[in-house]
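*Asks:* Structure provided below as structure tokens; questions to follow.
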Amino acid sequence: MRLATAFDGSFYPAEPDALAEVVDHFLDHAPKRVKGKILGAVVPHAGYIYSGMTAGMAFGTFRGLQPELVVLLGPSHRVRVRGVRLFRADGYESPLGTIPTSGQLAEELLQALGSGAEGPTFCEHSVEVQLPFLARALPNVPVVELVFGPTEERTVERVVKALVSLRRQHEILVVASSDLSHYYDHQRAQILDTRFRELLLKSESSRLAEALRMGETEACGAGPVLALMGLTEALGGRFQAIHQCDSSLTSGDESQVVGYFSALALLPGETG
């Protein structure tokens, strides 16, 4: 069964030509060159008018890559999830066509995750809004989605271990979906989001986890981000910031904003 769309027409355009045009516009603003081998990215998941450019600039660097699989990590906003759930589907619907998946690699990841990671699929905007970017940047590359419940250290460790195991056997990209601070004024949001950026770029996952617990910063996709950080650290990589803003850039209202940030996870080696 293919997982249908639920957020086209609200978070992003439902009409294929309009969607392709806006996604390509965002992708075209990506940096022309990065120093290192791309392992993945942290990207936001709000409506495209607010965070599309921030996400698209990261996804644009994926053009020309040839991974076997993209592992898409996102937080669950509406459905209660315990730990992490791997979505099993025959593909993911999109106005830009069906996004394929890989039953074989999904099964390998599921086996690495262990019991309790498989369950019914559901529509979740944190992962769905990333699919049009992947459809245009990496056409025909299979995607597997992992959706996280409330962040727990043991869940993050479990996912990191599984991703490291999969990465040893296959060329994968990992995308962690997260917005940052929610509904503070612009000045306070800047403080919280800058703290997140600092700790991510220092590759200090344990310190970022502590800062999130203590309220020094915020990320609704904390589990996905910490999992990508753990994988990147295990492989000797680092992060490079791509773009940062908040919703006031579009709305003009600085009294209550949501923060957005994108970054690449990079491994030592040639640009790619």
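Just so we're on the same page: first chain in the structure tokens is A, next is B, and so on; residues restart at 1 for each chain, and ligands are numbered from 1 in the order they show up.
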For Leu235 of chain A, list every protein, DNA or RNA residue within 12 Å, evaluated using only C-alpha atoms, and leave out those in the same chain fewer than 3 positions away; present the list as a ChimeraX atom specification.
*Replies:* /A:37-39,160-161,163-165,167-168,203,228-232,238,265-269
*Asks:* In segment 168-232 of chain A, what's helix (DSSP H, G or I) per DSSP? Answer as a ChimeraX atom specification?
*Replies:* /A:168-169,186-201,205-214,222-232
*Asks:* Hey, can you check how far atom CA of Asp193 of chain A sits from atom CA of Ala135 of chain A?
*Replies:*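 Pair atom CA of Asp193 of chain A / atom CA of Ala135 of chain A returns 28.9 Å.
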*Asks:* Excluding segment 62-73 of chain A and any residue of its chain fewer than 6 positions from it, enumerate the residues within 7 Å of it, using only C-alpha atoms, and give them as a PyMOL selection string.
*Replies:* chain A and resi 127+137-138+141-147+170-177+224+272
*Asks:* Next, dump the selected residues to file, keeping only N, CA, C and O atoms, as a PDB file, in the first residue's frame.
*Replies:*
ATOM      1  N   VAL A 127       7.671  14.452   7.827  1.00  0.00           N
ATOM      2  CA  VAL A 127       8.345  13.685   6.779  1.00  0.00           C
ATOM      3  C   VAL A 127       7.723  13.946   5.403  1.00  0.00           C
ATOM      4  O   VAL A 127       8.439  14.022   4.398  1.00  0.00           O
ATOM      5  N   ALA A 137      15.390  16.602  -6.224  1.00  0.00           N
ATOM      6  CA  ALA A 137      16.847  16.571  -6.058  1.00  0.00           C
ATOM      7  C   ALA A 137      17.422  15.188  -6.329  1.00  0.00           C
ATOM      8  O   ALA A 137      18.529  15.066  -6.867  1.00  0.00           O
ATOM      9  N   LEU A 138      16.677  14.136  -5.962  1.00  0.00           N
ATOM     10  CA  LEU A 138      17.157  12.762  -6.106  1.00  0.00           C
ATOM     11  C   LEU A 138      16.054  11.892  -6.719  1.00  0.00           C
ATOM     12  O   LEU A 138      15.533  10.981  -6.068  1.00  0.00           O
ATOM     13  N   VAL A 141      15.308   7.824  -6.216  1.00  0.00           N
ATOM     14  CA  VAL A 141      16.055   7.232  -5.107  1.00  0.00           C
ATOM     15  C   VAL A 141      15.054   6.791  -4.028  1.00  0.00           C
ATOM     16  O   VAL A 141      14.208   7.577  -3.609  1.00  0.00           O
ATOM     17  N   PRO A 142      15.131   5.548  -3.570  1.00  0.00           N
ATOM     18  CA  PRO A 142      14.180   5.062  -2.571  1.00  0.00           C
ATOM     19  C   PRO A 142      14.306   5.803  -1.238  1.00  0.00           C
ATOM     20  O   PRO A 142      15.385   6.273  -0.860  1.00  0.00           O
ATOM     21  N   VAL A 143      13.182   5.867  -0.542  1.00  0.00           N
ATOM     22  CA  VAL A 143      13.107   6.522   0.764  1.00  0.00           C
ATOM     23  C   VAL A 143      12.504   5.557   1.775  1.00  0.00           C
ATOM     24  O   VAL A 143      11.570   4.805   1.448  1.00  0.00           O
ATOM     25  N   VAL A 144      13.046   5.563   2.969  1.00  0.00           N
ATOM     26  CA  VAL A 144      12.435   4.872   4.108  1.00  0.00           C
ATOM     27  C   VAL A 144      12.232   5.900   5.208  1.00  0.00           C
ATOM     28  O   VAL A 144      13.136   6.700   5.490  1.00  0.00           O
ATOM     29  N   GLU A 145      11.044   5.904   5.815  1.00  0.00           N
ATOM     30  CA  GLU A 145      10.721   6.883   6.842  1.00  0.00           C
ATOM     31  C   GLU A 145      10.740   6.246   8.233  1.00  0.00           C
ATOM     32  O   GLU A 145      10.188   5.160   8.445  1.00  0.00           O
ATOM     33  N   LEU A 146      11.372   6.951   9.173  1.00  0.00           N
ATOM     34  CA  LEU A 146      11.358   6.591  10.592  1.00  0.00           C
ATOM     35  C   LEU A 146      10.751   7.754  11.357  1.00  0.00           C
ATOM     36  O   LEU A 146      11.232   8.883  11.246  1.00  0.00           O
ATOM     37  N   VAL A 147       9.715   7.494  12.146  1.00  0.00           N
ATOM     38  CA  VAL A 147       9.055   8.547  12.904  1.00  0.00           C
ATOM     39  C   VAL A 147       9.250   8.284  14.394  1.00  0.00           C
ATOM     40  O   VAL A 147       9.023   7.170  14.879  1.00  0.00           O
ATOM     41  N   HIS A 170      25.720  -0.028   2.929  1.00  0.00           N
ATOM     42  CA  HIS A 170      25.047   0.679   1.843  1.00  0.00           C
ATOM     43  C   HIS A 170      25.367   2.168   1.867  1.00  0.00           C
ATOM     44  O   HIS A 170      25.599   2.745   2.936  1.00  0.00           O
ATOM     45  N   GLU A 171      25.313   2.780   0.703  1.00  0.00           N
ATOM     46  CA  GLU A 171      25.489   4.225   0.581  1.00  0.00           C
ATOM     47  C   GLU A 171      24.141   4.880   0.880  1.00  0.00           C
ATOM     48  O   GLU A 171      23.202   4.778   0.083  1.00  0.00           O
ATOM     49  N   ILE A 172      24.017   5.515   2.027  1.00  0.00           N
ATOM     50  CA  ILE A 172      22.743   6.117   2.426  1.00  0.00           C
ATOM     51  C   ILE A 172      22.933   7.601   2.736  1.00  0.00           C
ATOM     52  O   ILE A 172      24.039   8.048   3.062  1.00  0.00           O
ATOM     53  N   LEU A 173      21.852   8.345   2.606  1.00  0.00           N
ATOM     54  CA  LEU A 173      21.761   9.705   3.124  1.00  0.00           C
ATOM     55  C   LEU A 173      20.719   9.703   4.227  1.00  0.00           C
ATOM     56  O   LEU A 173      19.703   9.013   4.125  1.00  0.00           O
ATOM     57  N   VAL A 174      20.954  10.488   5.263  1.00  0.00           N
ATOM     58  CA  VAL A 174      20.024  10.556   6.393  1.00  0.00           C
ATOM     59  C   VAL A 174      19.559  11.998   6.559  1.00  0.00           C
ATOM     60  O   VAL A 174      20.384  12.915   6.676  1.00  0.00           O
ATOM     61  N   VAL A 175      18.257  12.204   6.553  1.00  0.00           N
ATOM     62  CA  VAL A 175      17.664  13.533   6.695  1.00  0.00           C
ATOM     63  C   VAL A 175      16.913  13.593   8.015  1.00  0.00           C
ATOM     64  O   VAL A 175      16.017  12.775   8.262  1.00  0.00           O
ATOM     65  N   ALA A 176      17.287  14.544   8.867  1.00  0.00           N
ATOM     66  CA  ALA A 176      16.633  14.750  10.157  1.00  0.00           C
ATOM     67  C   ALA A 176      15.747  15.988  10.073  1.00  0.00           C
ATOM     68  O   ALA A 176      16.227  17.091   9.801  1.00  0.00           O
ATOM     69  N   SER A 177      14.459  15.814  10.309  1.00  0.00           N
ATOM     70  CA  SER A 177      13.465  16.878  10.156  1.00  0.00           C
ATOM     71  C   SER A 177      13.139  17.496  11.509  1.00  0.00           C
ATOM     72  O   SER A 177      12.691  16.800  12.428  1.00  0.00           O
ATOM     73  N   PRO A 224      15.289  12.885  15.973  1.00  0.00           N
ATOM     74  CA  PRO A 224      15.933  12.788  14.663  1.00  0.00           C
ATOM     75  C   PRO A 224      17.277  13.511  14.585  1.00  0.00           C
ATOM     76  O   PRO A 224      18.249  12.980  14.023  1.00  0.00           O
ATOM     77  N   GLY A 272      30.863  16.054  -2.263  1.00  0.00           N
ATOM     78  CA  GLY A 272      29.864  15.214  -2.906  1.00  0.00           C
ATOM     79  C   GLY A 272      28.731  14.902  -1.969  1.00  0.00           C
ATOM     80  O   GLY A 272      28.718  15.304  -0.835  1.00  0.00           O
TER      81      GLY A 272
END
*Asks:* List the spatial neighbours of Glu128 of chain A as a PyMOL selection string - criterion: any atom at most 8 Å away, only C-alpha atoms, same-chain residues fewer than 3 positions off excluded.
*Replies:* chain A and resi 5+7+123-125+131
*Asks:* Would you kindly return, as a PDB file with C-alpha atoms, in the first residue's frame, each protein, DNA or RNA residue with an atom no farther than 12 Å from any atom of Glu21 of chain A, considering only C-alpha atoms and excluding same-chain residues fewer than 5 positions away?
*Replies:*
ATOM      1  CA  TYR A  12       2.969  22.983   0.080  1.00  0.00           C
ATOM      2  CA  PRO A  13       1.296  23.409  -3.341  1.00  0.00           C
ATOM      3  CA  ALA A  14      -0.934  20.567  -4.518  1.00  0.00           C
ATOM      4  CA  GLU A  15      -0.671  21.399  -8.227  1.00  0.00           C
ATOM      5  CA  PRO A  16       2.316  19.514  -9.737  1.00  0.00           C
ATOM      6  CA  PHE A  26      14.544  26.711  -3.466  1.00  0.00           C
ATOM      7  CA  LEU A  27      16.965  24.007  -4.657  1.00  0.00           C
ATOM      8  CA  ASP A  28      18.666  26.469  -6.995  1.00  0.00           C
ATOM      9  CA  LEU A  96       5.284  15.047  -8.194  1.00  0.00           C
ATOM     10  CA  PRO A 132       8.877  16.885  -2.988  1.00  0.00           C
ATOM     11  CA  PHE A 133      12.433  18.096  -2.334  1.00  0.00           C
ATOM     12  CA  ARG A 136      13.338  16.833  -7.538  1.00  0.00           C
TER      13      ARG A 136
END
*Asks:* Find the spatial neighbours of His45 of chain A, counting only C-alpha atoms, within a cut-off of 7 Å - ignore same-chain residues fewer than 5 positions away - and output them as a PDB file with all heavy atoms, in the first residue's frame.
*Replies:*
ATOM      1  N   SER A  51       9.508  28.008   5.654  1.00  0.00           N
ATOM      2  CA  SER A  51      10.806  27.330   5.801  1.00  0.00           C
ATOM      3  C   SER A  51      11.285  26.628   4.534  1.00  0.00           C
ATOM      4  O   SER A  51      12.305  25.943   4.562  1.00  0.00           O
ATOM      5  CB  SER A  51      10.737  26.303   6.939  1.00  0.00           C
ATOM      6  OG  SER A  51       9.886  25.215   6.605  1.00  0.00           O
ATOM      7  N   SER A 126       5.995  16.142   9.194  1.00  0.00           N
ATOM      8  CA  SER A 126       7.436  16.353   9.328  1.00  0.00           C
ATOM      9  C   SER A 126       8.237  15.566   8.299  1.00  0.00           C
ATOM     10  O   SER A 126       9.351  15.956   7.932  1.00  0.00           O
ATOM     11  CB  SER A 126       7.907  15.999  10.745  1.00  0.00           C
ATOM     12  OG  SER A 126       7.839  14.607  10.983  1.00  0.00           O
ATOM     13  N   VAL A 129       6.484  16.632   4.028  1.00  0.00           N
ATOM     14  CA  VAL A 129       6.883  17.861   3.334  1.00  0.00           C
ATOM     15  C   VAL A 129       8.281  17.765   2.725  1.00  0.00           C
ATOM     16  O   VAL A 129       8.651  18.581   1.873  1.00  0.00           O
ATOM     17  CB  VAL A 129       6.807  19.099   4.263  1.00  0.00           C
ATOM     18  CG1 VAL A 129       5.402  19.311   4.776  1.00  0.00           C
ATOM     19  CG2 VAL A 129       7.802  19.009   5.405  1.00  0.00           C
ATOM     20  N   SER A 177      14.459  15.814  10.309  1.00  0.00           N
ATOM     21  CA  SER A 177      13.465  16.878  10.156  1.00  0.00           C
ATOM     22  C   SER A 177      13.139  17.496  11.509  1.00  0.00           C
ATOM     23  O   SER A 177      12.691  16.800  12.428  1.00  0.00           O
ATOM     24  CB  SER A 177      12.204  16.278   9.520  1.00  0.00           C
ATOM     25  OG  SER A 177      11.170  17.216   9.449  1.00  0.00           O
ATOM     26  N   SER A 178      13.352  18.811  11.632  1.00  0.00           N
ATOM     27  CA  SER A 178      13.055  19.488  12.896  1.00  0.00           C
ATOM     28  C   SER A 178      12.920  20.989  12.698  1.00  0.00           C
ATOM     29  O   SER A 178      13.742  21.605  12.016  1.00  0.00           O
ATOM     30  CB  SER A 178      14.167  19.233  13.924  1.00  0.00           C
ATOM     31  OG  SER A 178      13.850  19.841  15.160  1.00  0.00           O
ATOM     32  N   ASP A 179      11.897  21.572  13.310  1.00  0.00           N
ATOM     33  CA  ASP A 179      11.868  23.017  13.524  1.00  0.00           C
ATOM     34  C   ASP A 179      12.533  23.300  14.864  1.00  0.00           C
ATOM     35  O   ASP A 179      12.788  22.383  15.658  1.00  0.00           O
ATOM     36  CB  ASP A 179      10.432  23.535  13.514  1.00  0.00           C
ATOM     37  CG  ASP A 179       9.773  23.398  12.150  1.00  0.00           C
ATOM     38  OD1 ASP A 179      10.503  23.289  11.150  1.00  0.00           O
ATOM     39  OD2 ASP A 179       8.524  23.395  12.093  1.00  0.00           O
TER      40      ASP A 179
END
*Asks:* Just want the 12 Å neighbourhood of Gly259 of chain A, counted on only C-alpha atoms, with same-chain residues fewer than 6 positions away dropped. Output as a VMD selection string.
*Replies:* chain A and resid 43 to 46 50 to 51 54 178 to 197 217 to 220 243 to 250
*Asks:* Work out how far atom CA of Glu108 of chain A is from atom CA of Ala162 of chain A, in Å to one decimal.
*Replies:*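 Straight-line distance from atom CA of Ala162 of chain A to atom CA of Glu108 of chain A works out to 9.0 Å.
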